[in-house]
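Reading through the structure tokens given below for one structure.
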Amino acid sequence: MKGSFITLEGIEGVGKTTNTSFIKNFLENSGKKVLVTREPGGTSFGENLREIILEEKDYKLSIITECLIMFAARSQHIEEVIKPALSDDYYVVCDRFTDATYAYQGGGRGLPKDVIDHLKYIVHPDLEPDLTIYLDAPEKISFSRIEDRNKDSFEKEDLAFFKNVRSSYLEQASLHQDRIMIVDASNSLDEVQKDISHYLKVLLDRNSDV
Ligand code: Z5A
């Protein structure tokens with residue numbers, strides 16, 4: 001595949017949506033074709049599943065059901081959107097991907113890592129992001145940025161849940177230092193975007209050498 005696959009990760013309110021637009025502009029200004037997408041979602045099927053996941057329900061999804069829904073949406077997303085775009089030379093910028101499953105269903109909900117490893121192997125054995133920007137900030141800072149919003153089913157979880165999610169993200173970043181770049185999202189937006197620009201330039205340089 002000729003394009004590049006870039007993902008953004010982090011707990012709620014750290015600035016993933018804001019910086020997805022920044023990355024799109026940066027890459028387009030560098031002459032690249034860019035496709036922005038998100039998970040769960042990115043296809044009609046995935047967006048339907050996203051609604052089911054995030055809406056208030058009068059029943060509770062089991063942890064494994066929640067995880068299978070993430071991977072069902074992802075499988076469709078990869079086949080219908082991500083792989084065709086990468087084959088067509090696009091830079092695909094995705095707001096969350098499988099690192100989020102390790103962090104939320106693994107770290108947050110306590111699903112064993114080997115279950116997620118297994119599902120990942122079934123759904124995308126041959127696809128890994130080329131670059132993951134992990135926006136890191138303490139829960140209290142990121143939550144203060146979204147306190148005026150209506151909360152979805154995840155955002156109603158307590159601080160302990162998000163501490164575990166964040167720890168899990170940091171653990172993955174230490175395991176995949178070649179791919180996951182940690183950006184301090186408690187800094188000003190200007191500083192955050194300066195750091196992101198640096199990692200994008202490294203990726204563009206690497207691609208121009210190929
Ligand atoms: N989920 C899962 O459990 N398992 C999975 O495998 C996947 C997902 C893929 C939906 O995600 C949920 O799905 C998610 C995990 C679960 N849980 N929740 N909730 P989502 O990505 O759609 O939802 P989100 O994380 O809640 O997105 P968000 O609330 O929109 O946050 P954000 O995109 O990171 O933040 P933002 O909208 O860009 O910024 C928030 C505000 O902060 C905004 O006013 C900005 O202007 C401001 N901001 C941003 N950066 C800064 C800085 N640096 N300084 C000051 N202010 C800033």
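The chains in the structure tokens are called A, B, ... from first to last as shown; in each chain the residues are counted from 1, and the ligands are counted from 1 in the order shown.
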Inset, instruction - as a PyMOL selection string, list the residues of stretch 1-199 of chain A assigned to helix (DSSP H, G or I) by DSSP on the backbone atoms of this structure. - result: chain A and resi 16-29+44-54+63-87+98-108+113-123+139-145+159-175+189-199
Just the residues within 9 Å of A:Val81, please, counting only C-alpha atoms, with nothing from its chain fewer than 5 positions along; format it as a compact mmCIF listing (two decimals) with N, CA, C and O atoms, in the first residue's frame.
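This went into result-v9.txt:
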```txt
# COMPACT_ATOMS: atom_id res chain seq x y z
N THR A 37 -11.10 10.03 8.97
CA THR A 37 -12.15 9.11 9.38
C THR A 37 -12.07 8.87 10.89
O THR A 37 -11.25 9.49 11.56
N GLY A 42 -16.92 5.60 10.58
CA GLY A 42 -16.18 5.62 9.31
C GLY A 42 -16.91 4.97 8.14
O GLY A 42 -16.52 5.17 7.00
N THR A 43 -17.95 4.16 8.42
CA THR A 43 -18.81 3.59 7.37
C THR A 43 -20.25 3.74 7.89
O THR A 43 -20.45 4.00 9.08
N GLN A 76 -15.22 -3.75 9.00
CA GLN A 76 -15.91 -3.14 7.85
C GLN A 76 -15.18 -1.86 7.40
O GLN A 76 -15.01 -1.60 6.21
N LEU A 86 -5.63 3.69 1.25
CA LEU A 86 -4.17 3.53 1.31
C LEU A 86 -3.63 3.05 -0.05
O LEU A 86 -2.58 3.51 -0.51
```
How close does chain A get to ligand 1? List, as JSON lines, each residue of chain A within 8 Å, its nearest atom pair and the distance in Å to one decimal, counting only C-alpha atoms and all ligand atoms.
```
{"residue": "A:Glu9", "atom": "CA", "partner": "ligand 1", "partner_atom_place_in_ligand_line": "34 (O)", "distance": 7.8}
{"residue": "A:Gly10", "atom": "CA", "partner": "ligand 1", "partner_atom_place_in_ligand_line": "34 (O)", "distance": 6.5}
{"residue": "A:Ile11", "atom": "CA", "partner": "ligand 1", "partner_atom_place_in_ligand_line": "25 (O)", "distance": 5.5}
{"residue": "A:Glu12", "atom": "CA", "partner": "ligand 1", "partner_atom_place_in_ligand_line": "25 (O)", "distance": 3.5}
{"residue": "A:Gly13", "atom": "CA", "partner": "ligand 1", "partner_atom_place_in_ligand_line": "31 (O)", "distance": 3.6}
{"residue": "A:Val14", "atom": "CA", "partner": "ligand 1", "partner_atom_place_in_ligand_line": "34 (O)", "distance": 4.1}
{"residue": "A:Gly15", "atom": "CA", "partner": "ligand 1", "partner_atom_place_in_ligand_line": "38 (O)", "distance": 3.2}
{"residue": "A:Lys16", "atom": "CA", "partner": "ligand 1", "partner_atom_place_in_ligand_line": "34 (O)", "distance": 3.7}
{"residue": "A:Thr17", "atom": "CA", "partner": "ligand 1", "partner_atom_place_in_ligand_line": "33 (O)", "distance": 3.7}
{"residue": "A:Thr18", "atom": "CA", "partner": "ligand 1", "partner_atom_place_in_ligand_line": "38 (O)", "distance": 3.7}
{"residue": "A:Asn19", "atom": "CA", "partner": "ligand 1", "partner_atom_place_in_ligand_line": "38 (O)", "distance": 6.3}
{"residue": "A:Thr20", "atom": "CA", "partner": "ligand 1", "partner_atom_place_in_ligand_line": "38 (O)", "distance": 7.9}
{"residue": "A:Arg38", "atom": "CA", "partner": "ligand 1", "partner_atom_place_in_ligand_line": "21 (O)", "distance": 7.4}
{"residue": "A:Glu39", "atom": "CA", "partner": "ligand 1", "partner_atom_place_in_ligand_line": "9 (C)", "distance": 4.4}
{"residue": "A:Pro40", "atom": "CA", "partner": "ligand 1", "partner_atom_place_in_ligand_line": "9 (C)", "distance": 4.7}
{"residue": "A:Arg50", "atom": "CA", "partner": "ligand 1", "partner_atom_place_in_ligand_line": "13 (O)", "distance": 7.6}
{"residue": "A:Ile53", "atom": "CA", "partner": "ligand 1", "partner_atom_place_in_ligand_line": "13 (O)", "distance": 7.5}
{"residue": "A:Leu54", "atom": "CA", "partner": "ligand 1", "partner_atom_place_in_ligand_line": "12 (C)", "distance": 6.8}
{"residue": "A:Glu66", "atom": "CA", "partner": "ligand 1", "partner_atom_place_in_ligand_line": "3 (O)", "distance": 7.7}
{"residue": "A:Cys67", "atom": "CA", "partner": "ligand 1", "partner_atom_place_in_ligand_line": "4 (N)", "distance": 7.1}
{"residue": "A:Met70", "atom": "CA", "partner": "ligand 1", "partner_atom_place_in_ligand_line": "6 (O)", "distance": 5.2}
{"residue": "A:Phe71", "atom": "CA", "partner": "ligand 1", "partner_atom_place_in_ligand_line": "6 (O)", "distance": 7.3}
{"residue": "A:Asp95", "atom": "CA", "partner": "ligand 1", "partner_atom_place_in_ligand_line": "21 (O)", "distance": 6.2}
{"residue": "A:Arg96", "atom": "CA", "partner": "ligand 1", "partner_atom_place_in_ligand_line": "9 (C)", "distance": 5.0}
{"residue": "A:Phe97", "atom": "CA", "partner": "ligand 1", "partner_atom_place_in_ligand_line": "9 (C)", "distance": 4.9}
{"residue": "A:Thr98", "atom": "CA", "partner": "ligand 1", "partner_atom_place_in_ligand_line": "6 (O)", "distance": 5.4}
{"residue": "A:Asp99", "atom": "CA", "partner": "ligand 1", "partner_atom_place_in_ligand_line": "6 (O)", "distance": 6.9}
{"residue": "A:Ala100", "atom": "CA", "partner": "ligand 1", "partner_atom_place_in_ligand_line": "6 (O)", "distance": 4.4}
{"residue": "A:Thr101", "atom": "CA", "partner": "ligand 1", "partner_atom_place_in_ligand_line": "6 (O)", "distance": 3.5}
{"residue": "A:Tyr102", "atom": "CA", "partner": "ligand 1", "partner_atom_place_in_ligand_line": "6 (O)", "distance": 7.2}
{"residue": "A:Ala103", "atom": "CA", "partner": "ligand 1", "partner_atom_place_in_ligand_line": "4 (N)", "distance": 7.4}
{"residue": "A:Tyr104", "atom": "CA", "partner": "ligand 1", "partner_atom_place_in_ligand_line": "3 (O)", "distance": 4.6}
{"residue": "A:Gln105", "atom": "CA", "partner": "ligand 1", "partner_atom_place_in_ligand_line": "3 (O)", "distance": 5.9}
{"residue": "A:Ser142", "atom": "CA", "partner": "ligand 1", "partner_atom_place_in_ligand_line": "42 (O)", "distance": 7.1}
{"residue": "A:Arg145", "atom": "CA", "partner": "ligand 1", "partner_atom_place_in_ligand_line": "42 (O)", "distance": 4.6}
{"residue": "A:Ile146", "atom": "CA", "partner": "ligand 1", "partner_atom_place_in_ligand_line": "40 (C)", "distance": 5.7}
{"residue": "A:Lys151", "atom": "CA", "partner": "ligand 1", "partner_atom_place_in_ligand_line": "19 (N)", "distance": 7.7}
{"residue": "A:Asp152", "atom": "CA", "partner": "ligand 1", "partner_atom_place_in_ligand_line": "19 (N)", "distance": 6.0}
{"residue": "A:Ser153", "atom": "CA", "partner": "ligand 1", "partner_atom_place_in_ligand_line": "19 (N)", "distance": 6.9}
{"residue": "A:Phe154", "atom": "CA", "partner": "ligand 1", "partner_atom_place_in_ligand_line": "19 (N)", "distance": 4.5}
{"residue": "A:Glu155", "atom": "CA", "partner": "ligand 1", "partner_atom_place_in_ligand_line": "19 (N)", "distance": 4.6}
{"residue": "A:Ala185", "atom": "CA", "partner": "ligand 1", "partner_atom_place_in_ligand_line": "53 (N)", "distance": 5.2}
{"residue": "A:Ser186", "atom": "CA", "partner": "ligand 1", "partner_atom_place_in_ligand_line": "53 (N)", "distance": 5.7}
{"residue": "A:Asn187", "atom": "CA", "partner": "ligand 1", "partner_atom_place_in_ligand_line": "53 (N)", "distance": 5.3}
{"residue": "A:Ser188", "atom": "CA", "partner": "ligand 1", "partner_atom_place_in_ligand_line": "53 (N)", "distance": 4.4}
{"residue": "A:Leu189", "atom": "CA", "partner": "ligand 1", "partner_atom_place_in_ligand_line": "53 (N)", "distance": 3.6}
{"residue": "A:Asp190", "atom": "CA", "partner": "ligand 1", "partner_atom_place_in_ligand_line": "53 (N)", "distance": 7.3}
{"residue": "A:Glu191", "atom": "CA", "partner": "ligand 1", "partner_atom_place_in_ligand_line": "53 (N)", "distance": 7.6}
{"residue": "A:Val192", "atom": "CA", "partner": "ligand 1", "partner_atom_place_in_ligand_line": "53 (N)", "distance": 5.9}
```
Inset, instruction - Would you mind reading off the distance between atom CA of A:Pro112 and atom CA of A:Leu170, one decimal, in Å? - result: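 That distance, rounded to one decimal, is 16.9 Å.
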Hey, which bits of stretch 12-39 of chain A sit within 12 Å of stretch 195-209 of chain A, and for each residue what's the closest pair of atoms and how far apart in Å (one decimal), counting only C-alpha atoms, rows by chain and increasing number, as a Markdown table?
```
| residue | atom | partner | partner_atom | distance |
| --- | --- | --- | --- | --- |
| A:Gly15 | CA | A:Ile196 | CA | 11.9 |
| A:Lys16 | CA | A:Ile196 | CA | 11.5 |
| A:Asn19 | CA | A:Ile196 | CA | 8.5 |
| A:Thr20 | CA | A:Ile196 | CA | 10.4 |
| A:Ser21 | CA | A:Ile196 | CA | 12.0 |
| A:Phe22 | CA | A:Ile196 | CA | 9.1 |
| A:Ile23 | CA | A:Ile196 | CA | 7.9 |
| A:Lys24 | CA | A:Leu200 | CA | 10.7 |
| A:Asn25 | CA | A:Ser197 | CA | 10.9 |
| A:Phe26 | CA | A:Ser197 | CA | 7.7 |
| A:Leu27 | CA | A:Leu200 | CA | 8.1 |
| A:Glu28 | CA | A:Leu200 | CA | 11.8 |
| A:Asn29 | CA | A:Ser197 | CA | 11.9 |
| A:Ser30 | CA | A:Leu204 | CA | 8.8 |
| A:Gly31 | CA | A:Leu204 | CA | 10.7 |
| A:Lys32 | CA | A:Leu204 | CA | 9.7 |
```
Inset, instruction - Determine the nearest neighbour of A:Lys2 from the options A:Leu159, A:Leu68, A:Ala85, A:Leu35, counting only C-alpha atoms. - result: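 Smallest distance to A:Lys2 is found for A:Ala85.
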Inset, instruction - Would you mind telling me which residue in A:Thr132, A:Val165, A:Glu157, A:Ser144 lies nearest to A:Asp178 when using only C-alpha atoms? - result: A:Thr132
Inset, instruction - Choose the residue, out of A:Tyr169, A:Phe45, A:Phe162, A:Tyr91, that has the smallest atom-to-atom separation from A:Pro138; count only C-alpha atoms. - result: A:Phe162
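Between atom CA of A:Leu131 and atom CA of A:Met181 there is a distance of 7.5 Å.
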Inset, instruction - Apply DSSP to the structure's backbone, then extract all residues of chain A labelled strand (DSSP E or B) and return them as a list in words. - result: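 Residues meeting the strand (DSSP E or B) criterion: Ser4, Phe5, Ile6, Thr7, Leu8, Glu9, Val34, Leu35, Val36, Thr37, Arg38, Tyr91, Val92, Val93, Cys94, Asp95, Leu131, Thr132, Ile133, Tyr134, Leu135, Asp136, Ile180, Met181, Ile182, Val183 and Asp184 of chain A.
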Inset, instruction - May I ask for the distance between atom CA of A:Ser174 and atom CA of A:Val123, given in Å to one decimal place? - result: 23.7 Å
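With only C-alpha atoms as the atoms that count, the minimum distance from A:Ile78 to the choices A:Leu111, A:Leu127, A:Ile64, A:His118 is reached by A:Leu127.
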